[in-house]
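Q: Sharing a structure, written as structure tokens. Questions coming.
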Number of protein chains: 4
Amino acid sequence: MKKKRAAVVGATGVAGQQFVAALDGHPWFEITHLGASTRSAGKRYGDALRDATSGQLRWWAEGEPPAALLDLKISTGEDLDTDAVDLVFSAIESDAARDLEPLWAAKRPVLSTASAFRYEDDVPLLLPGVSFGHEQLLDEQRKRRGWKGFVVPQPNCTVTGLAITLKPLADAFGLAGVSMVSMQGISGAGRSPGVSALDAIDNIIPYIPSEEEKVAREAKKLLGTLGAAGITDATVEISATCTRAGVTEGHTEVVSVELERAASPDEAAGILRKAGREAAGLDLPSMPETLIEVLDDPFRPQPRLDRDRGRGMTTTVGRIRPEPLYDNGLKYMLVTHNTKMGAACGAVLVAEYLASKGLV
Amino acid sequence: MKKKRAAVVGATGVAGQQFVAALDGHPWFEITHLGASTRSAGKRYGDALRDATSGQLRWWAEGEPPAALLDLKISTGEDLDTDAVDLVFSAIESDAARDLEPLWAAKRPVLSTASAFRYEDDVPLLLPGVSFGHEQLLDEQRKRRGWKGFVVPQPNCTVTGLAITLKPLADAFGLAGVSMVSMQGISGAGRSPGVSALDAIDNIIPYIPSEEEKVAREAKKLLGTLGAAGITDATVEISATCTRAGVTEGHTEVVSVELERAASPDEAAGILRKAGREAAGLDLPSMPETLIEVLDDPFRPQPRLDRDRGRGMTTTVGRIRPEPLYDNGLKYMLVTHNTKMGAACGAVLVAEYLASKGLV
Amino acid sequence: MKKKRAAVVGATGVAGQQFVAALDGHPWFEITHLGASTRSAGKRYGDALRDATSGQLRWWAEGEPPAALLDLKISTGEDLDTDAVDLVFSAIESDAARDLEPLWAAKRPVLSTASAFRYEDDVPLLLPGVSFGHEQLLDEQRKRRGWKGFVVPQPNCTVTGLAITLKPLADAFGLAGVSMVSMQGISGAGRSPGVSALDAIDNIIPYIPSEEEKVAREAKKLLGTLGAAGITDATVEISATCTRAGVTEGHTEVVSVELERAASPDEAAGILRKAGREAAGLDLPSMPETLIEVLDDPFRPQPRLDRDRGRGMTTTVGRIRPEPLYDNGLKYMLVTHNTKMGAACGAVLVAEYLASKGLV
Amino acid sequence: MKKKRAAVVGATGVAGQQFVAALDGHPWFEITHLGASTRSAGKRYGDALRDATSGQLRWWAEGEPPAALLDLKISTGEDLDTDAVDLVFSAIESDAARDLEPLWAAKRPVLSTASAFRYEDDVPLLLPGVSFGHEQLLDEQRKRRGWKGFVVPQPNCTVTGLAITLKPLADAFGLAGVSMVSMQGISGAGRSPGVSALDAIDNIIPYIPSEEEKVAREAKKLLGTLGAAGITDATVEISATCTRAGVTEGHTEVVSVELERAASPDEAAGILRKAGREAAGLDLPSMPETLIEVLDDPFRPQPRLDRDRGRGMTTTVGRIRPEPLYDNGLKYMLVTHNTKMGAACGAVLVAEYLASKGLV
């Protein structure tokens, strides 16, 4: 099979580099075009990755920048030749995304980590085991906007693991309320400027602007149902407190759920362990064997030990136990990899899924 | 006024050293006796603080060991001459406390950081702004056990800041339920062995054995009411998740409360800011000017910036906002110093309080 | 005595805030004017400290911003009314310092943390126990530049503790060569952008641009001798490797020295312990009782335990032992507080010294 | 080829678990026997890995304990059936090693991480690119001690990367003196008790007992020459300062060398890049493609980014530049993985090498 030609825009930033790393050696997609801001446009990718003053290579993703891309010349987002690619991975800021992503979506599928379109009526959020199927909304999106392509944004990195664990519980037992407290890894804030080391060492940062609202809003949409009139948000109440801890990668989340029907910790564990079977059956290259791993050891999950499970695409759950505050309450903890499943790798998985459906 | 003569037992361990530091230069109390295990008994304090193999001074409290105590000879807990002291500060392990503290309490007041007696019917837990007054139970304790002295244990370091903030809310608005998630500093686990650095760096440890049960049980007792039949636990439901973060000192806690009557964040802040006025009026040396500081900056409290407020005796609160999960719900965060108010300094404050009541 | 009126310029940045904190309650100096960039000029100080978007207070120094200064209106550096102040503390970037500090120095003494003038022939670097006396060069500076005031820059934060320990050894035993490896705290890099948390956690950053050259150059000048022709740099060879470690405050330095005459570790310790006696005799408010503390415990100094010694103005030395690579070699380690003695507090101490000499 | 049967003794500790992980799926060796202390003897491996009190799985190596070994019954070291295995990997404490390793070596090859026999005249230290060939000393060892097997200890984890980089420089340019300052990862200290988190966070520990002596002594032996009379230590002077930094895995080392003949940084880089070619040609499963990687970016090597290079078996070098203190001086930095090349994986590589020579 000939590989589909992919553009990565925002390719010099943290999230864009993660797209580049996630697509390196990908069996279905091949990066043929790179886009970035005017500051980098016209440069070789290898040069644009170097700090102008110090000459230091600034590469935040795993490993090294793919040698084959170092000579690729960067274009601006405006000048991206959409005719020459089959799909676009967008890792640009939300403000820019509002203007640029429609340009590309007019012709091609756009998979984006920006939040710009997440809350639009005709824009689905796709997550394996949660909202695969919501892509049916893309017809409406194309029609309404007159696009040949479409935009599918990746949900916020904090909501990813949460929704992946809530969905099977909601389906099995009904879901009335959710309380979530996160201790988030710092990589989610990007690197430049990102989180200051002086704030992160020997400390907890108790607030991440807009994060709690995003978690609640996106979780309701992800857990919502697609009907003729579009997606109806789930009615569950979601209360999030998002903090930043001195952890490089991996979000740890403490979750309490009020269920509609009683479930024992063992029943819940059984349900979670079965999650994602359908998506796993599609043989998508980035889909982990196990979408949710449930551990019995009460000292797990830990971000340092569990974030890389399933190459960062598995959500690890532990400490499932009764929540005494609610009638049918359960508590658990989860660890999810914020820059793998929660960002570029998750968006690549969605692209694979859409390709398997003939939409990319 | 002649200073009261104090013994510190367990004086070579982390908690004992904190007693030694807290009592250094104390205006009312003076350490005249030191106790430790048989391994240290008979040695000079200065020698017992050194590692036998490397000769390294092992001192975990602030500053340096007080020079005046270095030559003091250590006795075993069994051999402690209670006649020669006016009160005993006990920082020994709970198993040992069960046997040794009664020996001392037979004659003298014992202030302890051990959990051994915390859950006994005739043993009060004393916390400023929360349960001062519960010392009336000590008559019953003395009578029942035939002691001239008594045992007053310091509550768990995680429940301290929680109870201090819950009590004024309970009094003002009624308290129906509490959810608490902690990110605890590692000093609470002692040093030897304490938390392994390999577990703490770039990580969150999701479980602290027994901690969640202690928090719930002690909070109910602290918020309880003293009647003729002793303390009746508060009926509030308390659900705690206790984790360990890569923070040296200071516990950060995310708290959600269900109140019986509606309260706005501003009303709650006003109530919290007034907490502890009565205790502050007693002019106790260790009592902070402000028991609870409420900050408006949403990026506060942070453990590194706020733990030392009021010399570690003030609880800092921030991010007060509605909790949508409950009818009359509020959420907030707090930082409390686990080895100051939550340990030795808190117990010294209780000793001061009891002295002001003529009980020590 | 009426306090001298001081301006702090660059008052909203990290270094400027440290000046503000260092001068809070100072017995000799009082901040009457604040300067900053045009972005802040015209605002109240309290407003300028808040992030424009989030409203978050951005305060990096200890404690809280002094209440008395919150309403002070900020001027630009260009508009600073030098007639209305007695001295200027400058915490601006070096590029700006090159233009602005001469404006102020034309009329008033300027104490600066910028490196702009450090390497000028007629500019002394002043450090207690090292180069106090070099202020005699200021006459020449005034004459040559036609200034009524002068500029005295604070040396680099990494060279401070190094020079303080090298000088007494050089005087006592002669100094032929110095090798230094630093593990520097991250606060030295400022906060905005400062060091990224993603670079600092679970990591060592092996390179700090320009730092090694600064250390060598400034150490030679500090250890140099003032003669008729100005300062003659010390001829000692200095080889520095500067790294950044995951430490908030405090630089740790591993030092090897080749001496001209043999010295035992005990002799060196004796010499170091006597350092700074003369400066200590001047009764300067910021001068620590002990300029160099020498510890025998091989596990010291440690940045977390020793950086605050002498309110951050004492250099702590340990592990003095023979250096087998040299004929008369010694090795030792030191911890110095980079944002206290190594920055604003050090510059305030120099201002005190110059005031005691009638120069401020 | 039938796999050789291997025993791992000390299998429940940190170093032993790393042997278990390193041998999991190994193409040449298969664990058939596990040994540990009497406390674990008689238990299933899966049970012995659990904390007796909490039931917590205590596994410090990567991934999970191999499922196939969980049911293997543990024997004591004394009872290990040497007839039933082909070689023994020993990860026991040095004191125990002195007694037990001879028992096993009487019959079988013993590869050990213990230091017990490192300094014996008839015991070689084997490191690829450095001292492969020194195994010829094993004949003498067998003869002298009357063993059918032998003991080959793995050198200290801090000397590994140092010797690997020094050897090619010594061969090419002659080596007169070495100064080394390390910032070591905490995993090298084991986990139980290991380094306390309270010592490691926001801190540098300036001293590691015995480490500096080991580095100097073992480096001289590794760089020594094997002759008829055994190994003659290299005459180079080696001065080490070993510190512990807040890094989980990976030792960072700052190295200064005095060469006998001048070499430019580029020449040195060229020599280092060619190191280990001969060993690489042996097709040993654990041998990395590149023994030494030299990076030009001055911000590298960093432990978090470079420790896993070559699956933790490659030493990464950077910042090669002149050392002004010496006539023919060079400085550089290196990162080496202390629990991979510096421990179990390195010992497995040696076992592979010895197998390729027919000695195992």
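Simple scheme: letters A, B, ... for chains in structure tokens order, numbers from 1 for residues in each chain, numbers from 1 for ligands in the order shown.
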Take chain D, lay it over chain A with a least-squares fit on all the Cα atoms in order, then hand it over as a compact mmCIF listing (two decimals) with C-alpha atoms, in the first residue's frame.
A:
# COMPACT_ATOMS: atom_id res chain seq x y z
CA MET D 1 0.04 0.01 0.02
CA LYS D 2 1.33 3.43 -0.87
CA LYS D 3 1.66 5.57 2.22
CA LYS D 4 -0.56 8.60 2.54
CA ARG D 5 1.24 11.90 2.36
CA ALA D 6 0.94 13.89 5.56
CA ALA D 7 1.75 17.47 6.47
CA VAL D 8 2.66 18.43 10.03
CA VAL D 9 2.05 22.10 10.76
CA GLY D 10 3.48 23.68 13.87
CA ALA D 11 6.32 21.25 13.31
CA THR D 12 8.95 23.12 15.30
CA GLY D 13 6.97 23.31 18.54
CA VAL D 14 6.61 20.68 21.22
CA ALA D 15 3.33 19.23 20.02
CA GLY D 16 4.42 19.34 16.40
CA GLN D 17 7.64 17.53 17.16
CA GLN D 18 5.60 14.85 18.84
CA PHE D 19 3.64 14.43 15.61
CA VAL D 20 6.92 14.15 13.75
CA ALA D 21 8.14 11.51 16.20
CA ALA D 22 4.82 9.64 16.18
CA LEU D 23 4.83 9.48 12.38
CA ASP D 24 8.47 8.42 12.06
CA GLY D 25 8.39 5.00 10.45
CA HIS D 26 4.61 4.94 10.46
CA PRO D 27 3.31 2.12 8.23
CA TRP D 28 0.43 4.11 6.72
CA PHE D 29 1.46 7.77 6.78
CA GLU D 30 4.55 9.58 5.61
CA ILE D 31 5.46 13.19 6.30
CA THR D 32 6.03 14.98 3.03
CA HIS D 33 5.36 18.55 4.10
CA LEU D 34 6.18 20.59 7.18
CA GLY D 35 4.67 23.89 8.18
CA ALA D 36 5.50 26.42 10.85
CA SER D 37 5.31 30.12 11.57
CA THR D 38 6.84 32.75 9.35
CA ARG D 39 9.86 32.80 11.63
CA SER D 40 10.79 29.29 10.48
CA ALA D 41 9.29 29.31 6.98
CA GLY D 42 11.82 28.92 4.23
CA LYS D 43 14.33 27.19 6.48
CA ARG D 44 15.38 23.56 6.43
CA TYR D 45 13.67 21.68 9.26
CA GLY D 46 17.05 20.81 10.77
CA ASP D 47 17.95 24.49 10.90
CA ALA D 48 14.60 25.62 12.25
CA LEU D 49 14.99 23.24 15.18
CA ARG D 50 18.09 25.07 16.34
CA ASP D 51 18.03 28.04 18.66
CA ALA D 52 19.07 31.11 16.68
CA THR D 53 21.43 32.41 19.36
CA SER D 54 23.06 29.32 20.80
CA GLY D 55 22.71 26.94 17.89
CA GLN D 56 21.29 24.45 20.37
CA LEU D 57 19.05 21.77 18.93
CA ARG D 58 15.66 22.13 20.58
CA TRP D 59 14.00 18.74 20.30
CA TRP D 60 11.50 17.73 22.98
CA ALA D 61 10.13 14.48 21.62
CA GLU D 62 11.68 11.07 22.15
CA GLY D 63 14.88 10.16 20.38
CA GLU D 64 16.33 12.38 17.69
CA PRO D 65 14.65 14.29 14.84
CA PRO D 66 14.24 11.89 11.89
CA ALA D 67 17.23 12.30 9.61
CA ALA D 68 15.07 12.09 6.51
CA LEU D 69 13.21 15.25 7.46
CA LEU D 70 16.13 17.50 8.34
CA ASP D 71 16.42 18.84 4.81
CA LEU D 72 12.72 19.32 4.26
CA LYS D 73 11.92 22.98 3.67
CA ILE D 74 9.29 24.49 5.92
CA SER D 75 6.37 26.45 4.53
CA THR D 76 3.99 28.72 6.37
CA GLY D 77 0.62 27.36 7.28
CA GLU D 78 -0.98 29.74 4.78
CA ASP D 79 1.21 28.48 1.97
CA LEU D 80 0.80 24.80 2.71
CA ASP D 81 0.12 23.03 -0.59
CA THR D 82 -2.91 20.96 0.41
CA ASP D 83 -3.11 19.44 -3.05
CA ALA D 84 0.20 17.75 -2.42
CA VAL D 85 -0.83 15.99 0.76
CA ASP D 86 -3.54 13.55 1.81
CA LEU D 87 -4.03 14.80 5.35
CA VAL D 88 -2.80 17.47 7.73
CA PHE D 89 -1.71 17.08 11.34
CA SER D 90 -2.02 20.43 13.03
CA ALA D 91 -0.17 21.32 16.21
CA ILE D 92 -0.59 25.07 16.08
CA GLU D 93 -1.94 27.44 18.73
CA SER D 94 -5.70 27.69 19.00
CA ASP D 95 -5.90 31.28 17.81
CA ALA D 96 -4.02 30.46 14.65
CA ALA D 97 -5.99 27.23 14.25
CA ARG D 98 -9.23 29.13 13.98
CA ASP D 99 -7.94 30.81 10.82
CA LEU D 100 -5.68 28.20 9.29
CA GLU D 101 -7.37 24.88 9.88
CA PRO D 102 -10.40 25.87 7.74
CA LEU D 103 -8.00 26.65 4.87
CA TRP D 104 -6.69 23.11 4.95
CA ALA D 105 -10.00 21.46 5.82
CA ALA D 106 -11.49 22.97 2.73
CA LYS D 107 -9.57 20.29 0.85
CA ARG D 108 -8.17 17.73 3.28
CA PRO D 109 -8.79 15.99 6.59
CA VAL D 110 -7.19 17.89 9.46
CA LEU D 111 -6.29 16.17 12.74
CA SER D 112 -5.51 18.81 15.31
CA THR D 113 -4.28 19.15 18.89
CA ALA D 114 -5.63 22.71 19.03
CA SER D 115 -8.78 23.37 21.02
CA ALA D 116 -10.20 25.85 18.50
CA PHE D 117 -12.95 23.65 17.07
CA ARG D 118 -13.50 21.23 19.96
CA TYR D 119 -16.72 22.80 21.08
CA GLU D 120 -18.41 23.32 17.72
CA ASP D 121 -21.71 21.50 17.16
CA ASP D 122 -20.55 19.80 14.00
CA VAL D 123 -17.14 18.73 15.24
CA PRO D 124 -16.74 15.30 16.83
CA LEU D 125 -14.12 14.35 19.39
CA LEU D 126 -12.88 10.83 18.72
CA LEU D 127 -11.43 8.55 21.36
CA PRO D 128 -11.11 4.75 21.14
CA GLY D 129 -13.50 2.90 23.39
CA VAL D 130 -15.42 6.12 23.94
CA SER D 131 -16.61 8.00 20.89
CA PHE D 132 -15.48 6.08 17.85
CA GLY D 133 -18.60 6.31 15.69
CA HIS D 134 -19.01 10.05 16.25
CA GLU D 135 -17.18 10.54 12.96
CA GLN D 136 -20.58 10.20 11.35
CA LEU D 137 -20.96 13.84 12.26
CA LEU D 138 -18.31 14.72 9.69
CA ASP D 139 -20.83 14.59 6.86
CA GLU D 140 -22.75 17.34 8.55
CA GLN D 141 -19.55 19.29 9.14
CA ARG D 142 -18.59 19.09 5.48
CA LYS D 143 -22.01 20.01 4.33
CA ARG D 144 -22.45 22.90 6.68
CA ARG D 145 -19.03 24.41 6.02
CA GLY D 146 -18.66 23.49 2.37
CA TRP D 147 -15.44 21.59 3.00
CA LYS D 148 -14.09 18.61 1.14
CA GLY D 149 -12.01 17.73 4.18
CA PHE D 150 -12.84 18.18 7.83
CA VAL D 151 -11.38 19.03 11.25
CA VAL D 152 -11.16 16.48 14.04
CA PRO D 153 -9.51 17.93 17.15
CA GLN D 154 -7.82 15.76 19.75
CA PRO D 155 -9.41 16.25 23.18
CA ASN D 156 -7.48 17.81 26.06
CA CYS D 157 -4.75 15.57 27.48
CA THR D 158 -6.37 15.47 30.91
CA VAL D 159 -9.77 14.34 29.72
CA THR D 160 -8.41 11.48 27.63
CA GLY D 161 -7.75 8.91 30.34
CA LEU D 162 -10.72 10.11 32.32
CA ALA D 163 -13.19 9.59 29.47
CA ILE D 164 -11.62 6.25 28.52
CA THR D 165 -12.32 4.94 32.02
CA LEU D 166 -15.69 6.64 32.50
CA LYS D 167 -17.28 5.38 29.31
CA PRO D 168 -17.34 1.64 30.13
CA LEU D 169 -18.56 2.42 33.65
CA ALA D 170 -21.30 4.67 32.26
CA ASP D 171 -22.37 1.99 29.80
CA ALA D 172 -22.42 -0.75 32.41
CA PHE D 173 -23.70 1.01 35.50
CA GLY D 174 -24.95 4.45 34.53
CA LEU D 175 -23.06 7.56 35.55
CA ALA D 176 -24.55 10.30 37.72
CA GLY D 177 -21.56 12.33 38.86
CA VAL D 178 -17.79 12.53 38.59
CA SER D 179 -15.23 14.21 40.79
CA MET D 180 -11.67 14.30 39.47
CA VAL D 181 -8.44 15.69 40.94
CA SER D 182 -5.39 15.63 38.69
CA MET D 183 -1.67 15.84 39.39
CA GLN D 184 -0.48 16.61 35.89
CA GLY D 185 2.90 16.18 34.31
CA ILE D 186 4.63 19.33 33.19
CA SER D 187 5.17 18.32 29.59
CA GLY D 188 1.53 19.07 28.93
CA ALA D 189 2.28 22.75 29.25
CA GLY D 190 4.74 22.73 26.39
CA ARG D 191 8.32 23.81 26.77
CA SER D 192 8.62 27.36 25.63
CA PRO D 193 7.94 28.95 28.04
CA GLY D 194 6.19 25.95 29.61
CA VAL D 195 6.34 25.44 33.33
CA SER D 196 9.19 27.15 35.12
CA ALA D 197 11.46 24.77 36.99
CA LEU D 198 11.27 27.10 39.96
CA ASP D 199 7.52 26.47 40.15
CA ALA D 200 7.81 22.72 39.68
CA ILE D 201 10.58 21.57 42.02
CA ASP D 202 9.53 20.78 45.58
CA ASN D 203 6.08 22.12 44.78
CA ILE D 204 2.54 21.62 43.54
CA ILE D 205 0.96 24.27 41.30
CA PRO D 206 -2.70 24.35 42.30
CA TYR D 207 -4.18 25.88 39.18
CA ILE D 208 -4.01 25.45 35.41
CA PRO D 209 -6.00 28.19 33.65
CA SER D 210 -9.08 26.93 31.72
CA GLU D 211 -8.14 23.29 32.28
CA GLU D 212 -10.96 22.38 34.62
CA GLU D 213 -13.60 23.85 32.33
CA LYS D 214 -12.14 22.00 29.35
CA VAL D 215 -12.16 18.69 31.21
CA ALA D 216 -15.82 19.02 32.19
CA ARG D 217 -16.98 20.24 28.81
CA GLU D 218 -15.05 17.73 26.73
CA ALA D 219 -15.91 14.80 28.96
CA LYS D 220 -19.60 15.50 28.55
CA LYS D 221 -19.21 15.69 24.79
CA LEU D 222 -17.10 12.53 24.62
CA LEU D 223 -19.63 10.64 26.72
CA GLY D 224 -22.50 12.13 24.74
CA THR D 225 -24.63 10.39 22.16
CA LEU D 226 -24.74 11.06 18.46
CA GLY D 227 -28.23 11.46 17.08
CA ALA D 228 -29.85 13.07 14.11
CA ALA D 229 -29.42 16.49 15.71
CA GLY D 230 -25.74 15.96 16.39
CA ILE D 231 -24.08 15.09 19.67
CA THR D 232 -26.11 15.41 22.84
CA ASP D 233 -23.81 15.94 25.79
CA ALA D 234 -23.99 13.46 28.62
CA THR D 235 -25.94 14.91 31.50
CA VAL D 236 -23.48 13.76 34.13
CA GLU D 237 -22.08 16.44 36.46
CA ILE D 238 -18.29 16.63 36.28
CA SER D 239 -16.22 18.50 38.85
CA ALA D 240 -12.50 18.78 38.16
CA THR D 241 -9.57 20.19 40.09
CA CYS D 242 -6.42 20.29 37.99
CA THR D 243 -2.98 20.71 39.52
CA ARG D 244 0.54 20.46 38.20
CA ALA D 245 3.04 18.23 40.00
CA GLY D 246 6.78 17.78 39.64
CA VAL D 247 6.40 14.95 37.15
CA THR D 248 7.85 15.13 33.66
CA GLU D 249 5.33 13.05 31.73
CA GLY D 250 2.08 11.39 32.74
CA HIS D 251 -1.07 12.68 34.33
CA THR D 252 -2.25 11.03 37.55
CA GLU D 253 -5.96 11.40 38.27
CA VAL D 254 -7.99 10.60 41.37
CA VAL D 255 -11.54 9.84 40.29
CA SER D 256 -14.76 9.41 42.28
CA VAL D 257 -17.90 8.34 40.47
CA GLU D 258 -21.50 8.16 41.49
CA LEU D 259 -23.09 5.32 39.55
CA GLU D 260 -26.75 4.76 38.88
CA ARG D 261 -26.54 1.10 39.78
CA ALA D 262 -24.33 -0.46 42.43
CA ALA D 263 -21.07 -2.01 41.27
CA SER D 264 -18.40 -3.68 43.32
CA PRO D 265 -14.74 -2.82 42.71
CA ASP D 266 -14.31 -6.25 41.13
CA GLU D 267 -17.21 -5.74 38.76
CA ALA D 268 -15.86 -2.35 37.78
CA ALA D 269 -12.39 -3.81 37.22
CA GLY D 270 -13.87 -6.49 35.02
CA ILE D 271 -15.70 -3.93 32.92
CA LEU D 272 -12.65 -1.69 32.59
CA ARG D 273 -10.43 -4.59 31.56
CA LYS D 274 -12.75 -5.33 28.64
CA ALA D 275 -12.77 -1.75 27.36
CA GLY D 276 -11.67 -0.99 23.84
CA ARG D 277 -12.00 -4.54 22.51
CA GLU D 278 -13.85 -3.34 19.44
CA ALA D 279 -11.28 -0.67 18.59
CA ALA D 280 -8.49 -3.16 19.23
CA GLY D 281 -10.06 -5.43 16.65
CA LEU D 282 -9.54 -2.87 13.89
CA ASP D 283 -5.81 -3.55 13.74
CA LEU D 284 -4.81 0.09 13.88
CA PRO D 285 -1.04 0.49 14.19
CA SER D 286 -1.18 2.87 17.18
CA MET D 287 -3.94 1.06 19.06
CA PRO D 288 -2.57 -0.59 22.20
CA GLU D 289 -3.31 -4.24 22.87
CA THR D 290 -4.97 -3.20 26.13
CA LEU D 291 -6.80 0.11 26.29
CA ILE D 292 -7.14 -0.03 30.08
CA GLU D 293 -4.85 -2.01 32.33
CA VAL D 294 -6.20 -2.55 35.87
CA LEU D 295 -3.60 -3.23 38.57
CA ASP D 296 -4.31 -4.81 41.95
CA ASP D 297 -1.20 -3.52 43.72
CA PRO D 298 -2.43 -0.58 45.84
CA PHE D 299 0.83 1.26 45.16
CA ARG D 300 -0.03 1.52 41.48
CA PRO D 301 -0.51 3.24 39.13
CA GLN D 302 2.52 5.49 39.37
CA PRO D 303 3.34 7.89 36.54
CA ARG D 304 7.01 6.96 36.32
CA LEU D 305 6.29 3.25 36.19
CA ASP D 306 3.05 3.13 34.24
CA ARG D 307 2.93 6.04 31.81
CA ASP D 308 4.71 4.17 29.03
CA ARG D 309 2.48 1.11 29.19
CA GLY D 310 1.29 0.20 25.69
CA ARG D 311 3.76 2.73 24.27
CA GLY D 312 1.94 5.45 26.17
CA MET D 313 -1.46 4.52 24.69
CA THR D 314 -2.77 2.43 27.61
CA THR D 315 -4.56 4.00 30.56
CA THR D 316 -3.54 2.33 33.84
CA VAL D 317 -6.09 2.09 36.63
CA GLY D 318 -5.68 1.09 40.26
CA ARG D 319 -7.01 1.45 43.77
CA ILE D 320 -10.62 0.75 42.77
CA ARG D 321 -12.63 0.86 45.99
CA PRO D 322 -15.98 2.05 47.32
CA GLU D 323 -16.66 5.78 47.52
CA PRO D 324 -18.60 6.25 50.77
CA LEU D 325 -19.87 9.69 49.80
CA TYR D 326 -22.31 8.33 47.23
CA ASP D 327 -24.96 5.66 47.27
CA ASN D 328 -23.38 3.75 44.41
CA GLY D 329 -19.96 5.27 44.67
CA LEU D 330 -16.58 4.05 43.46
CA LYS D 331 -13.13 5.63 43.66
CA TYR D 332 -10.08 4.87 41.57
CA MET D 333 -6.86 6.34 40.29
CA LEU D 334 -5.49 6.41 36.79
CA VAL D 335 -2.31 7.31 34.97
CA THR D 336 -2.42 8.40 31.35
CA HIS D 337 0.39 9.58 29.12
CA ASN D 338 -0.36 13.18 28.28
CA THR D 339 1.91 13.55 25.29
CA LYS D 340 1.22 10.11 23.82
CA MET D 341 -2.46 9.08 24.01
CA GLY D 342 -3.25 12.59 25.22
CA ALA D 343 -1.70 14.38 22.25
CA ALA D 344 0.01 13.55 18.96
CA CYS D 345 -0.06 9.75 19.19
CA GLY D 346 -3.74 9.87 20.06
CA ALA D 347 -4.42 12.05 17.01
CA VAL D 348 -2.45 9.69 14.80
CA LEU D 349 -4.55 6.82 16.13
CA VAL D 350 -7.67 8.75 15.16
CA ALA D 351 -6.23 9.30 11.70
CA GLU D 352 -5.65 5.56 11.42
CA TYR D 353 -9.20 4.92 12.50
CA LEU D 354 -10.57 7.35 9.95
CA ALA D 355 -8.37 5.79 7.29
CA SER D 356 -9.77 2.38 8.16
CA LYS D 357 -13.21 3.87 7.58
CA GLY D 358 -12.16 5.32 4.24
CA LEU D 359 -12.43 8.87 5.50
CA VAL D 360 -8.74 9.75 5.18
Q: Taking the chain letters and numbering used in this document, name the residues of region 77-321 of chain C that DSSP puts in helix (DSSP H, G or I), as an MDAnalysis selection string.
A: chainID C and resid 82:84 94:105 134:145 157:173 186:189 197:200 211:222 265:273 277:280 303:306 309:312
Q: Considering only strand (DSSP E) as DSSP defines it on the backbone, what residues of region 49-164 of chain A qualify? List them as a list in words.
A: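 Here are the strand (DSSP E) residues of region 49-164 of chain A: Ile74, Ser75, Thr76, Leu87, Val88, Phe89, Ser90, Pro109, Val110, Leu111, Ser112, Phe150, Val151, Val152 and Pro153 of chain A.
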